[in-house]
>>> print(open('coords-v9.cif').read())   # mmCIF, C-alpha atoms
data_structure
#
loop_
_atom_site.label_atom_id
_atom_site.label_comp_id
_atom_site.auth_asym_id
_atom_site.auth_seq_id
_atom_site.Cartn_x
_atom_site.Cartn_y
_atom_site.Cartn_z
CA MET W 1 -80.38 -47.83 -74.21
CA ALA W 2 -80.86 -51.53 -74.91
CA ASP W 3 -80.13 -54.18 -72.27
CA LYS W 4 -77.81 -56.11 -74.58
CA PHE W 5 -75.77 -55.41 -77.69
CA LEU W 6 -74.83 -57.75 -80.52
CA ASP W 7 -72.32 -56.91 -83.23
CA CYS W 8 -73.17 -58.76 -86.46
CA LYS W 9 -71.19 -56.48 -88.79
CA GLN W 10 -68.82 -59.30 -89.75
CA LEU W 11 -71.60 -61.84 -90.31
CA ARG W 12 -73.66 -62.96 -93.28
CA CYS W 13 -76.96 -64.78 -93.58
CA PRO W 14 -77.84 -67.03 -91.74
CA MET W 15 -75.44 -66.04 -88.94
CA PRO W 16 -77.05 -62.78 -87.69
CA ILE W 17 -80.39 -64.54 -87.08
CA VAL W 18 -78.64 -67.51 -85.45
CA LYS W 19 -76.73 -65.18 -83.10
CA ILE W 20 -79.86 -63.15 -82.31
CA SER W 21 -81.76 -66.34 -81.53
CA GLN W 22 -79.00 -67.57 -79.21
CA THR W 23 -78.76 -64.21 -77.42
CA ILE W 24 -82.53 -63.74 -76.99
CA LYS W 25 -82.74 -67.21 -75.43
CA GLN W 26 -80.47 -66.02 -72.59
CA MET W 27 -82.58 -62.88 -71.97
CA SER W 28 -85.72 -62.27 -69.88
CA PRO W 29 -89.06 -61.10 -71.31
CA GLY W 30 -89.20 -57.31 -71.48
CA GLU W 31 -85.46 -56.92 -72.10
CA THR W 32 -84.20 -55.34 -75.33
CA LEU W 33 -81.40 -56.31 -77.69
CA GLU W 34 -79.64 -53.92 -80.03
CA VAL W 35 -78.11 -55.45 -83.16
CA GLU W 36 -75.83 -53.90 -85.76
CA ALA W 37 -75.45 -55.65 -89.13
CA ILE W 38 -74.38 -55.08 -92.74
CA ASP W 39 -75.91 -58.12 -94.47
CA PRO W 40 -78.35 -56.95 -97.19
CA ALA W 41 -80.96 -59.51 -96.05
CA PHE W 42 -80.82 -58.32 -92.45
CA LYS W 43 -83.84 -56.00 -92.49
CA ALA W 44 -86.22 -58.48 -94.12
CA ASP W 45 -84.89 -61.35 -92.02
CA VAL W 46 -85.06 -59.65 -88.64
CA LYS W 47 -88.63 -58.52 -89.34
CA ALA W 48 -89.72 -62.02 -90.37
CA TRP W 49 -87.95 -63.67 -87.44
CA VAL W 50 -89.41 -61.28 -84.86
CA GLN W 51 -92.92 -61.77 -86.26
CA GLN W 52 -92.61 -65.56 -86.37
CA LEU W 53 -91.45 -65.83 -82.76
CA GLY W 54 -93.78 -63.17 -81.37
CA HIS W 55 -91.12 -60.68 -80.29
CA GLU W 56 -91.20 -56.96 -81.07
CA LEU W 57 -89.06 -54.86 -83.40
CA VAL W 58 -88.93 -51.63 -81.40
CA GLU W 59 -86.70 -49.73 -83.78
CA PHE W 60 -84.94 -50.15 -87.13
CA THR W 61 -82.40 -47.79 -88.64
CA ASN W 62 -81.30 -48.14 -92.27
CA GLY W 63 -77.82 -47.27 -93.46
CA ALA W 64 -74.47 -48.81 -94.35
CA VAL W 65 -74.67 -50.26 -90.86
CA GLN W 66 -78.24 -51.26 -90.08
CA LYS W 67 -79.43 -51.11 -86.49
CA ALA W 68 -82.31 -53.07 -84.98
CA VAL W 69 -83.69 -53.01 -81.46
CA ILE W 70 -85.64 -56.13 -80.54
CA LYS W 71 -87.76 -56.54 -77.43
CA LYS W 72 -88.11 -60.06 -76.08
CA VAL W 73 -91.84 -60.52 -75.49
CA ARG W 74 -92.09 -64.12 -74.28
CA MET P 1 -135.06 -70.61 -83.56
CA PRO P 2 -134.99 -67.89 -80.84
CA ASN P 3 -131.68 -66.84 -79.40
CA ASP P 4 -130.30 -64.49 -76.75
CA THR P 5 -129.90 -61.49 -79.08
CA GLN P 6 -133.58 -61.56 -80.03
CA HIS P 7 -134.72 -62.31 -76.47
CA PRO P 8 -132.24 -60.70 -74.07
CA GLN P 9 -134.59 -61.40 -71.17
CA ALA P 10 -134.46 -65.16 -71.80
CA ALA P 11 -131.07 -65.75 -70.14
CA SER P 12 -132.09 -64.00 -66.93
CA THR P 13 -135.27 -66.08 -66.52
CA ILE P 14 -133.39 -69.40 -66.75
CA ASP P 15 -132.11 -71.00 -63.55
CA PRO P 16 -128.32 -70.29 -63.31
CA ALA P 17 -127.76 -73.91 -62.26
CA LEU P 18 -129.41 -75.05 -65.49
CA LEU P 19 -127.24 -72.64 -67.56
CA ASP P 20 -124.17 -74.01 -65.83
CA TYR P 21 -125.28 -77.55 -66.58
CA ILE P 22 -125.82 -76.71 -70.29
CA ASP P 23 -122.38 -75.07 -70.52
CA LYS P 24 -120.67 -78.07 -68.99
CA THR P 25 -122.53 -80.58 -71.16
CA VAL P 26 -121.81 -78.70 -74.39
CA SER P 27 -118.16 -78.25 -73.44
CA ALA P 28 -117.75 -81.96 -72.62
CA LYS P 29 -119.42 -82.94 -75.90
CA LEU P 30 -117.09 -80.64 -77.91
CA ASP P 31 -114.00 -82.01 -76.14
CA GLU P 32 -115.12 -85.53 -76.95
CA GLN P 33 -115.68 -84.76 -80.64
CA PHE P 34 -112.52 -82.70 -81.22
CA GLY P 35 -110.41 -85.07 -79.13
CA ALA P 36 -111.07 -87.78 -81.70
CA ILE P 37 -109.65 -85.72 -84.59
CA SER P 38 -106.94 -83.84 -82.70
CA GLY P 39 -104.43 -86.58 -83.58
CA GLN P 40 -104.98 -85.86 -87.28
CA LEU P 41 -104.61 -82.11 -86.75
CA LYS P 42 -101.22 -82.46 -85.07
CA THR P 43 -98.27 -80.88 -86.88
CA THR P 44 -94.98 -80.38 -85.15
CA ASN P 45 -93.06 -77.17 -85.69
CA ARG P 46 -90.53 -79.11 -87.74
CA ALA P 47 -88.58 -78.66 -90.98
CA THR P 48 -87.23 -81.70 -92.81
CA ILE P 49 -84.61 -81.45 -95.55
CA VAL P 50 -83.41 -84.23 -97.85
CA VAL P 51 -79.80 -83.56 -98.76
CA PHE P 52 -79.18 -85.46 -102.00
CA SER P 53 -76.55 -83.28 -103.66
CA ASN P 54 -72.92 -82.78 -102.67
CA ASP P 55 -72.49 -79.54 -104.60
CA LEU P 56 -70.91 -76.81 -102.49
CA ASP P 57 -73.60 -74.23 -103.32
CA LYS P 58 -76.51 -76.60 -102.67
CA LEU P 59 -75.01 -77.86 -99.41
CA PHE P 60 -74.54 -74.27 -98.31
CA ALA P 61 -78.21 -73.56 -99.05
CA ALA P 62 -79.29 -76.70 -97.16
CA PHE P 63 -77.30 -75.82 -94.04
CA ALA P 64 -78.22 -72.12 -94.17
CA ILE P 65 -81.91 -73.12 -94.20
CA ALA P 66 -81.39 -75.71 -91.46
CA THR P 67 -79.62 -73.28 -89.12
CA GLY P 68 -82.15 -70.55 -89.95
CA ALA P 69 -85.02 -72.89 -89.06
CA ALA P 70 -83.27 -73.88 -85.82
CA ALA P 71 -82.88 -70.17 -85.02
CA ALA P 72 -86.65 -69.84 -85.50
CA GLN P 73 -87.04 -72.51 -82.79
CA MET P 74 -88.15 -75.19 -85.22
CA GLN P 75 -87.11 -78.81 -84.84
CA VAL P 76 -84.95 -79.63 -87.85
CA SER P 77 -84.23 -83.00 -89.48
CA MET P 78 -81.75 -83.42 -92.30
CA PHE P 79 -81.75 -86.69 -94.18
CA PHE P 80 -78.52 -87.40 -96.12
CA THR P 81 -78.72 -89.75 -99.05
CA PHE P 82 -76.59 -90.55 -102.13
CA TRP P 83 -74.05 -87.81 -102.91
CA GLY P 84 -75.21 -85.76 -99.94
CA LEU P 85 -73.62 -88.28 -97.58
CA THR P 86 -70.15 -87.03 -98.47
CA ALA P 87 -70.96 -83.75 -96.68
CA LEU P 88 -70.84 -85.75 -93.43
CA LYS P 89 -67.42 -87.29 -94.02
CA LYS P 90 -64.60 -86.53 -91.60
CA LYS P 91 -62.03 -88.98 -93.01
CA THR P 92 -61.52 -91.56 -95.73
CA VAL P 93 -60.95 -95.23 -94.96
CA LEU P 94 -59.90 -97.64 -97.71
CA LYS P 95 -58.86 -100.60 -95.55
CA GLY P 96 -61.33 -103.47 -95.59
CA LYS P 97 -63.30 -102.14 -98.59
CA SER P 98 -63.91 -104.05 -101.81
CA ILE P 99 -62.39 -102.89 -105.13
CA THR P 100 -65.66 -101.21 -106.23
CA GLU P 101 -66.04 -99.52 -102.85
CA LYS P 102 -62.46 -98.25 -103.02
CA LEU P 103 -63.10 -96.85 -106.50
CA MET P 104 -66.30 -95.12 -105.29
CA THR P 105 -64.40 -93.66 -102.35
CA LEU P 106 -61.63 -92.28 -104.54
CA PHE P 107 -64.01 -90.66 -107.02
CA LEU P 108 -66.16 -88.97 -104.36
CA PRO P 109 -65.34 -85.78 -102.42
CA SER P 110 -63.41 -86.50 -99.21
CA GLY P 111 -65.67 -84.21 -97.14
CA PRO P 112 -67.48 -80.84 -97.07
CA ALA P 113 -64.26 -78.85 -97.55
CA ASP P 114 -63.77 -80.70 -100.85
CA ALA P 115 -67.29 -79.96 -102.21
CA LYS P 116 -67.40 -78.39 -105.66
CA PRO P 117 -69.92 -75.81 -106.94
CA SER P 118 -72.71 -77.06 -109.23
CA LYS P 119 -71.81 -74.45 -111.86
CA MET P 120 -68.53 -72.94 -113.06
CA ASN P 121 -66.25 -75.42 -111.30
CA MET P 122 -63.80 -75.35 -114.25
CA LEU P 123 -61.54 -78.12 -112.90
CA GLY P 124 -61.37 -76.54 -109.47
CA VAL P 125 -60.69 -72.93 -110.50
CA GLY P 126 -64.35 -72.03 -109.92
CA GLN P 127 -64.31 -73.83 -106.56
CA ALA P 128 -61.33 -71.80 -105.37
CA PHE P 129 -62.85 -68.61 -106.77
CA LEU P 130 -66.25 -69.12 -105.10
CA LYS P 131 -64.62 -69.97 -101.77
CA HIS P 132 -62.45 -66.87 -102.06
CA VAL P 133 -65.44 -64.61 -102.78
CA MET P 134 -67.49 -66.12 -99.93
CA LYS P 135 -64.61 -65.71 -97.50
CA LYS P 136 -64.05 -62.11 -98.60
CA LYS P 137 -67.72 -61.36 -97.97
CA ASN P 138 -67.55 -63.03 -94.54
CA VAL P 139 -69.91 -65.87 -95.43
CA SER P 140 -69.41 -68.80 -93.06
CA ASP P 141 -67.66 -71.71 -94.71
CA LEU P 142 -69.46 -75.01 -95.13
CA PRO P 143 -67.63 -77.09 -92.46
CA ASP P 144 -68.33 -74.35 -89.86
CA LEU P 145 -72.00 -74.24 -90.85
CA ILE P 146 -72.28 -78.03 -90.44
CA THR P 147 -70.72 -77.84 -86.96
CA LEU P 148 -73.10 -75.02 -86.06
CA ALA P 149 -76.13 -77.00 -87.25
CA SER P 150 -75.03 -79.86 -85.03
CA GLN P 151 -74.60 -77.50 -82.04
CA LEU P 152 -78.08 -76.05 -82.63
CA GLY P 153 -79.56 -79.53 -82.25
CA VAL P 154 -80.31 -80.23 -85.91
CA ARG P 155 -81.01 -83.94 -86.29
CA MET P 156 -78.85 -85.45 -89.04
CA VAL P 157 -79.79 -88.85 -90.37
CA ALA P 158 -77.50 -90.81 -92.71
CA CYS P 159 -79.25 -93.16 -95.13
CA GLN P 160 -77.82 -96.60 -94.46
CA THR P 161 -78.83 -98.00 -97.85
CA SER P 162 -76.88 -95.25 -99.65
CA MET P 163 -73.94 -95.81 -97.33
CA ASP P 164 -73.90 -99.45 -98.34
CA ILE P 165 -74.18 -98.69 -102.08
CA MET P 166 -71.43 -96.10 -101.95
CA GLY P 167 -69.18 -97.99 -99.59
CA ILE P 168 -69.24 -95.37 -96.86
CA ARG P 169 -68.51 -96.65 -93.35
CA LYS P 170 -69.84 -95.20 -90.08
CA GLU P 171 -66.30 -94.50 -88.89
CA GLU P 172 -65.78 -92.20 -91.90
CA LEU P 173 -68.65 -89.93 -90.82
CA ILE P 174 -68.83 -87.20 -88.16
CA GLU P 175 -70.14 -87.96 -84.66
CA GLY P 176 -73.68 -87.37 -83.46
CA LEU P 177 -75.50 -88.83 -86.47
CA ASP P 178 -78.61 -90.98 -86.52
CA PHE P 179 -78.91 -93.77 -89.05
CA GLY P 180 -81.99 -94.92 -90.90
CA GLY P 181 -83.89 -95.44 -94.13
CA VAL P 182 -86.80 -93.93 -95.99
CA ALA P 183 -89.30 -94.66 -93.19
CA THR P 184 -87.17 -92.54 -90.86
CA TYR P 185 -87.40 -89.65 -93.30
CA ILE P 186 -91.16 -90.14 -93.86
CA ALA P 187 -91.84 -90.22 -90.11
CA ASP P 188 -90.14 -86.82 -89.71
CA ALA P 189 -91.48 -85.34 -92.96
CA ALA P 190 -95.08 -86.42 -92.25
CA ASP P 191 -95.42 -84.00 -89.34
CA SER P 192 -93.25 -81.23 -90.76
CA LYS P 193 -94.42 -77.82 -91.88
CA ILE P 194 -91.53 -77.52 -94.32
CA THR P 195 -89.97 -80.29 -96.41
CA LEU P 196 -87.26 -79.68 -98.99
CA PHE P 197 -85.24 -81.82 -101.38
CA ILE P 198 -81.84 -80.36 -102.13
#
>>> encode(input="coords-v9.cif", output="structure tokens")
Amino acid sequence: MADKFLDCKQLRCPMPIVKISQTIKQMSPGETLEVEAIDPAFKADVKAWVQQLGHELVEFTNGAVQKAVIKKVR
Amino acid sequence: MPNDTQHPQAASTIDPALLDYIDKTVSAKLDEQFGAISGQLKTTNRATIVVFSNDLDKLFAAFAIATGAAAAQMQVSMFFTFWGLTALKKKTVLKGKSITEKLMTLFLPSGPADAKPSKMNMLGVGQAFLKHVMKKKNVSDLPDLITLASQLGVRMVACQTSMDIMGIRKEELIEGLDFGGVATYIADAADSKITLFI
């Protein structure tokens, strides 16, 4: 169970990444964020964003609704 | 030249105080040498975008990239020149403008909500169609994206020379802008990792 949940099912690029960024900023290192999204670019974007900022993609589930669990590292 | 790997016993026979002295001297020398060029190595984690166009699709791309870069914790500068300036308009003022300035004002879009697509505009039918499709697919609309960019701390600079040419007044533009010329853009672009012209 993630520490926080973010619903991005109504959002399109660039909004999911913007919302994730804003939410992660409010969290402490070690905490996890679960995100649900439908944007086709979501998988590629969340992977790139996590790698660029040095966080960790703990889990990713494909599907009509994609689910990502991100761990804030620093 | 002998080194530690060929003569592992060498290090242990040297006075530790001497080793310490060598370490410190080498370290100080390196700092001195790299310090001199560190200024040239400096690049800020910044993205700089020149917004030249006022086409709806291109403005959308510019602001999507700007907000995406801000979300990646980059500093972002957007430099608005020529047609791009109309994306920053909040109202139209005709009073006090010359005839040519009034004409310019009337022929230009009144703001971001009035921006037309670069292709398939078809006298406004394409504009309405594209906006409809984007709304249906939950894509943020352009005015919202501009507000968001501003909230995320994106620096927006309006080119004063273009404003003068096109008869655009400061009071016609949104709040929170910086004003400048090409040197302002160059100063930001020079230490940017990403620069784009849209």
>>> resolve_selection(input="coords-v9.cif", expression="the PyMOL selection byres ((chain P and resi 66) around 10)", output="ChimeraX atom specification")
/W:14 /P:47-49,60-65,67-72,74-78,145-146,148-150,152,154-155
>>> atom_distance(input="coords-v9.cif", atom1="atom CA of P:Met104", atom2="atom CA of P:Leu177")
21.9 Å
>>> atom_distance(input="coords-v9.cif", atom1="atom CA of P:Asp15", atom2="atom CA of P:Lys29")
21.4 Å
>>> interface_residues(input="coords-v9.cif", of="chain W", to="chain P", cutoff="10 Å", atoms="only C-alpha atoms", output="NGL selection string")
:W and (9-22 or 39 or 45 or 48-50 or 52-53)
>>> resolve_selection(input="coords-v9.cif", expression="the PyMOL selection byres ((chain W and resi 55) around 10)", output="tab-separated table (two decimals) with C-alpha atoms, in the coordinates of the input")
chain	number	residue	atom	x	y	z
W	24	ILE	CA	-82.53	-63.74	-76.99
W	29	PRO	CA	-89.06	-61.10	-71.31
W	30	GLY	CA	-89.20	-57.31	-71.48
W	47	LYS	CA	-88.63	-58.52	-89.34
W	49	TRP	CA	-87.95	-63.67	-87.44
W	50	VAL	CA	-89.41	-61.28	-84.86
W	51	GLN	CA	-92.92	-61.77	-86.26
W	52	GLN	CA	-92.61	-65.56	-86.37
W	53	LEU	CA	-91.45	-65.83	-82.76
W	54	GLY	CA	-93.78	-63.17	-81.37
W	56	GLU	CA	-91.20	-56.96	-81.07
W	57	LEU	CA	-89.06	-54.86	-83.40
W	58	VAL	CA	-88.93	-51.63	-81.40
W	70	ILE	CA	-85.64	-56.13	-80.54
W	71	LYS	CA	-87.76	-56.54	-77.43
W	72	LYS	CA	-88.11	-60.06	-76.08
W	73	VAL	CA	-91.84	-60.52	-75.49
W	74	ARG	CA	-92.09	-64.12	-74.28
>>> atom_distance(input="coords-v9.cif", atom1="atom CA of W:Thr61", atom2="atom CA of W:Asp3")
17.7 Å
>>> residues_around(input="coords-v9.cif", residues="W:Ala68", least_positions_apart="6", cutoff="9 Å", atoms="all atoms listed in the file", output="PDB file with C-alpha atoms, keeping the file's coordinate frame")
ATOM      1  CA  LEU W  33     -81.400 -56.310 -77.690  1.00  0.00           C
ATOM      2  CA  GLU W  34     -79.640 -53.920 -80.030  1.00  0.00           C
ATOM      3  CA  VAL W  35     -78.110 -55.450 -83.160  1.00  0.00           C
ATOM      4  CA  GLU W  36     -75.830 -53.900 -85.760  1.00  0.00           C
ATOM      5  CA  ALA W  37     -75.450 -55.650 -89.130  1.00  0.00           C
ATOM      6  CA  LYS W  43     -83.840 -56.000 -92.490  1.00  0.00           C
ATOM      7  CA  VAL W  46     -85.060 -59.650 -88.640  1.00  0.00           C
ATOM      8  CA  LEU W  57     -89.060 -54.860 -83.400  1.00  0.00           C
ATOM      9  CA  VAL W  58     -88.930 -51.630 -81.400  1.00  0.00           C
ATOM     10  CA  GLU W  59     -86.700 -49.730 -83.780  1.00  0.00           C
ATOM     11  CA  PHE W  60     -84.940 -50.150 -87.130  1.00  0.00           C
ATOM     12  CA  THR W  61     -82.400 -47.790 -88.640  1.00  0.00           C
ATOM     13  CA  ASN W  62     -81.300 -48.140 -92.270  1.00  0.00           C
TER      14      ASN W  62
END
>>> residues_around(input="coords-v9.cif", residues="P:Val51", least_positions_apart="2", cutoff="12 Å", atoms="all atoms listed in the file", output="PyMOL selection string")
chain P and resi 48-49+53-56+58-63+65-66+77-88+156-159+185+195-198
>>> residues_near_point(input="coords-v9.cif", point="(-82.0, -53.4, -72.4)", cutoff="6 Å", atoms="only C-alpha atoms", output="PyMOL selection string")
chain W and resi 2-4+31-32
>>> write_last_selection(input="coords-v9.cif", atoms="C-alpha atoms", output="tab-separated table (two decimals), keeping the file's coordinate frame")
chain	number	residue	atom	x	y	z
W	2	ALA	CA	-80.86	-51.53	-74.91
W	3	ASP	CA	-80.13	-54.18	-72.27
W	4	LYS	CA	-77.81	-56.11	-74.58
W	31	GLU	CA	-85.46	-56.92	-72.10
W	32	THR	CA	-84.20	-55.34	-75.33
